[in-house]
Amino acid sequence: MALVVLLFMTSACATSALVNLVQRRHLPRLRSLSSHRRTPLAMSLQRPDAAHPYQPPDWAKDVLKNAPEHGRLHLANLPTPVYLIRSIGSSAGEDGILSRLDELNIKLYVKRDDATGGAELGGNKVRKLEFLLADALAKGCDSVVTIGGEQSNHCRATAAASRMVGLSPHLILRTRRADAIQDKKEDMGWTGNVLFDRMVGSHIYTCTPGEYGRLGSNKLVDSVCDYIRFEQNSHENPYPIPVGGSNAVGTWGYINGVDELMQQLEGNDDGGSSSEVSLDHVIFATGSGGTATGIAAGLSLAYGSLGARHPATLNQTSPQVHAVGVCDNPEYFYQTMSSIANEMGICLPSDMTTEQFVRDAVTVHHGKGRGYAFSTDEELDFIAQFAVETGISLDPVYSGKALYHFLKTVVESDPDAYRDKNIMFWHTGGAIGLYEKGDDLAERLNQISSVKRIDAYGAKGADGSGVGVK
């Protein structure tokens, strides 16, 4: 059997333009994972439904006792790169985002978890799904049921990953249009994440925000699981996945993600000069609490808060960790994160509660603005400007809200506290959600992106050569 390899090359012109817009430098080392890490060959030739043994990092195994029993799948493109964002050229302007960071001598790094997969899997959710779907397959399940908003990144990634490993996806989407869709007054549509949900043949169920709030996401998931088992007579064995994939099993994806970051921070060991990066602040968005629990607990443990630490953190102080909530309130997240940590079997000193550990590990900020999935004009301006200055797209629901709130509210409330600091933003993906904001972004895009017609057969250029522009 012939093995055909297709190579997709980016345009040299596009690459050159992007380099002229913003210089990105990788951290000193982006190396592959050890022991339970995949080799280059395994990354190229692998079965997505094949589970691999998982050994927790040494710095976590004695504190988080409930390690995943069924290993993990290899679905994500890992490790994801870390970029140092630099202000170069005139794209930023005097009032630009990067210009302000330059004024404060802040170095901004971006951990690109928006690059974990293609359009189907990209974002933070696939790290969790590697563990969740390994568990589902080991338990003999043949379908999955999960829940999220109408433009849920989690549901889109779950649907695609499920198909990749032979499971049937059932998605509960929360939408104010639920009744109108049921009555055929509106169609579910094909915009953004919903397009990808339907491309892989997801079975979609709708609920209203009110039903979601009154009954709770877990009860709705359980109800659909019962419907599949008993009322459909399908003989399917569904595997329930909570909103965001945020439970003890899924959160190991970000314990593993922190271990990956530690390898990237260690420095250059390829014979060159050693160079280490010390982080002062780490920022990310949180909506369901699983990613936040994994990053916050992972960084706390890796930096030796309870004894064992990762070698990369020797002689370094732990960075301050900031989770920006895009829904609910900080107290909700502290409680949710504590609950997940308890499910993971966290073992703490007798004089420390789980919630105390969580509060010591992370500060949760109230950054939802107008509300979940609703954008302010200022947030959309920030997203558009950041894309012009860096070439990186932020989404309007998670990453855009989080970075906007942190830089514009948290940093600006006390600029000197962040002066001369190294800040890493953990980009959790979700740019597909921008499609739903097209109309809201239209005026901004027309201002920053011109469209002109080439006069190919008419007037020449000003110097008499080439072609003119109408």
# chains A, B, ... in the order shown; residues from 1 in each chain; ligands from 1

$ residues_around --residues "range 422-425 of chain A" --least-positions-apart "2" --cutoff "8 Å" --atoms "only C-alpha atoms" --output "NGL selection string"
:A and (106-111 or 278-284 or 403 or 420 or 427)

$ residues_around --residues "range 365-370 of chain A" --least-positions-apart "5" --cutoff "6 Å" --atoms "only C-alpha atoms" --output "PyMOL selection string"
chain A and resi 324-327+405

$ residues_around --residues "Thr206 in chain A" --least-positions-apart "6" --cutoff "7 Å" --atoms "only C-alpha atoms" --output "ChimeraX atom specification"
/A:172-175,178

$ residues_around --residues "Leu441 in chain A" --least-positions-apart "5" --cutoff "10 Å" --atoms "only C-alpha atoms" --output "short mmCIF file (atom, residue, chain, number, x, y, z; two decimals) with all heavy atoms, in the first residue's frame"
data_model
loop_
_atom_site.label_atom_id
_atom_site.label_comp_id
_atom_site.auth_asym_id
_atom_site.auth_seq_id
_atom_site.Cartn_x
_atom_site.Cartn_y
_atom_site.Cartn_z
N ASP A 377 -18.16 46.94 22.70
CA ASP A 377 -17.43 47.56 21.59
C ASP A 377 -15.94 47.58 21.89
O ASP A 377 -15.10 47.38 20.99
CB ASP A 377 -17.94 48.98 21.34
CG ASP A 377 -19.33 49.00 20.71
OD1 ASP A 377 -19.72 47.98 20.11
OD2 ASP A 377 -20.01 50.04 20.83
N LEU A 380 -14.32 44.19 21.19
CA LEU A 380 -14.16 43.92 19.76
C LEU A 380 -13.07 44.80 19.16
O LEU A 380 -12.31 44.35 18.28
CB LEU A 380 -15.49 44.15 19.04
CG LEU A 380 -16.60 43.15 19.39
CD1 LEU A 380 -17.90 43.53 18.70
CD2 LEU A 380 -16.20 41.72 19.02
N ASP A 381 -12.96 46.04 19.61
CA ASP A 381 -11.86 46.91 19.15
C ASP A 381 -10.52 46.29 19.51
O ASP A 381 -9.58 46.29 18.71
CB ASP A 381 -11.97 48.30 19.80
CG ASP A 381 -13.11 49.13 19.23
OD1 ASP A 381 -13.59 48.80 18.13
OD2 ASP A 381 -13.53 50.10 19.91
N ILE A 383 -9.81 43.08 20.10
CA ILE A 383 -9.57 41.88 19.31
C ILE A 383 -9.07 42.23 17.91
O ILE A 383 -8.10 41.64 17.41
CB ILE A 383 -10.86 41.04 19.23
CG1 ILE A 383 -11.17 40.40 20.59
CG2 ILE A 383 -10.75 39.95 18.16
CD1 ILE A 383 -12.53 39.75 20.67
N ALA A 384 -9.71 43.21 17.28
CA ALA A 384 -9.30 43.62 15.93
C ALA A 384 -7.90 44.23 15.96
O ALA A 384 -7.06 43.93 15.09
CB ALA A 384 -10.31 44.61 15.36
N LEU A 434 -15.52 33.85 15.95
CA LEU A 434 -15.54 35.17 15.32
C LEU A 434 -16.55 35.23 14.17
O LEU A 434 -17.04 36.31 13.84
CB LEU A 434 -14.15 35.53 14.80
CG LEU A 434 -13.11 35.95 15.84
CD1 LEU A 434 -11.73 35.98 15.23
CD2 LEU A 434 -13.47 37.30 16.45
N TYR A 435 -16.86 34.08 13.56
CA TYR A 435 -17.79 34.09 12.44
C TYR A 435 -19.14 34.67 12.86
O TYR A 435 -19.79 35.37 12.08
CB TYR A 435 -17.98 32.68 11.89
CG TYR A 435 -16.81 32.20 11.06
CD1 TYR A 435 -15.82 31.40 11.62
CD2 TYR A 435 -16.70 32.55 9.72
CE1 TYR A 435 -14.74 30.96 10.85
CE2 TYR A 435 -15.63 32.12 8.94
CZ TYR A 435 -14.65 31.32 9.52
OH TYR A 435 -13.58 30.89 8.78
N GLU A 436 -19.57 34.37 14.06
CA GLU A 436 -20.86 34.87 14.52
C GLU A 436 -20.82 36.37 14.78
O GLU A 436 -21.87 37.03 14.83
CB GLU A 436 -21.28 34.14 15.80
CG GLU A 436 -22.72 34.38 16.19
CD GLU A 436 -23.10 33.71 17.50
OE1 GLU A 436 -22.30 33.74 18.44
OE2 GLU A 436 -24.20 33.14 17.56
N ASN A 446 -13.66 47.23 7.91
CA ASN A 446 -13.58 48.15 6.78
C ASN A 446 -12.59 49.28 7.05
O ASN A 446 -12.00 49.84 6.12
CB ASN A 446 -14.96 48.73 6.46
CG ASN A 446 -15.86 47.72 5.78
OD1 ASN A 446 -15.38 46.85 5.06
ND2 ASN A 446 -17.16 47.83 6.01
#

$ select_by_dssp --residues "range 52-285 of chain A" --states "alpha helix (DSSP H)" --output "VMD selection string"
chain A and resid 97 to 103 125 to 138 153 to 164 178 to 182 193 to 199 209 to 215 217 to 226 248 to 265

$ residues_around --residues "Asn256 in chain A" --least-positions-apart "4" --cutoff "10 Å" --atoms "only C-alpha atoms" --output "JSON, numbers by chain"
{"A": [33, 36, 54, 55, 56, 57, 60, 127, 128, 251, 252, 260, 261, 262, 294, 295, 298]}

$ write_last_selection --atoms "C-alpha atoms" --output "mmCIF file, in the first residue's frame"
data_model
loop_
_atom_site.group_PDB
_atom_site.id
_atom_site.type_symbol
_atom_site.label_atom_id
_atom_site.label_comp_id
_atom_site.auth_asym_id
_atom_site.auth_seq_id
_atom_site.Cartn_x
_atom_site.Cartn_y
_atom_site.Cartn_z
ATOM 1 C CA LEU A 33 7.675 15.196 25.855
ATOM 2 C CA HIS A 36 4.952 9.398 28.024
ATOM 3 C CA TYR A 54 -0.025 7.919 31.250
ATOM 4 C CA GLN A 55 2.418 8.521 34.079
ATOM 5 C CA PRO A 56 1.745 11.707 36.058
ATOM 6 C CA PRO A 57 4.689 14.101 36.421
ATOM 7 C CA ALA A 60 2.251 15.917 40.868
ATOM 8 C CA ARG A 127 -6.117 18.277 25.812
ATOM 9 C CA LYS A 128 -9.013 17.190 28.044
ATOM 10 C CA THR A 251 -8.373 18.235 33.916
ATOM 11 C CA TRP A 252 -5.345 15.941 33.706
ATOM 12 C CA GLU A 260 4.887 20.514 28.700
ATOM 13 C CA LEU A 261 5.396 24.185 29.537
ATOM 14 C CA MET A 262 8.037 23.279 32.127
ATOM 15 C CA GLY A 294 -5.184 22.118 35.723
ATOM 16 C CA ILE A 295 -3.051 25.195 35.061
ATOM 17 C CA GLY A 298 -0.135 22.351 37.967
#

$ atom_distance --atom1 "CA of Pro415 in chain A" --atom2 "CA of Ala292 in chain A"
24.6 Å

$ residues_around --residues "range 65-74 of chain A" --least-positions-apart "2" --cutoff "10 Å" --atoms "only C-alpha atoms" --output "number ranges by chain"
A: 36-38, 42-43, 46-56, 60-63, 76-78, 126-139, 165, 248-250, 252-253, 341-347

$ closest_residue --among "A:Leu445, A:Leu314, A:Val451, A:Ile241" --to "Gln385 in chain A" --atoms "only C-alpha atoms"
A:Leu445

$ closest_residue --among "A:Val144, A:Ala312, A:Leu64, A:Leu215" --to "Glu266 in chain A" --atoms "only C-alpha atoms"
A:Ala312

$ residues_around --residues "range 153-161 of chain A" --least-positions-apart "3" --cutoff "9 Å" --atoms "only C-alpha atoms" --output "PyMOL selection string"
chain A and resi 48+75+119-126+129-130+133+144+146-150+164-173+193-202+243-245+429-430+432-433

$ atom_distance --atom1 "CA of Gly213 in chain A" --atom2 "CA of Tyr332 in chain A"
13.9 Å
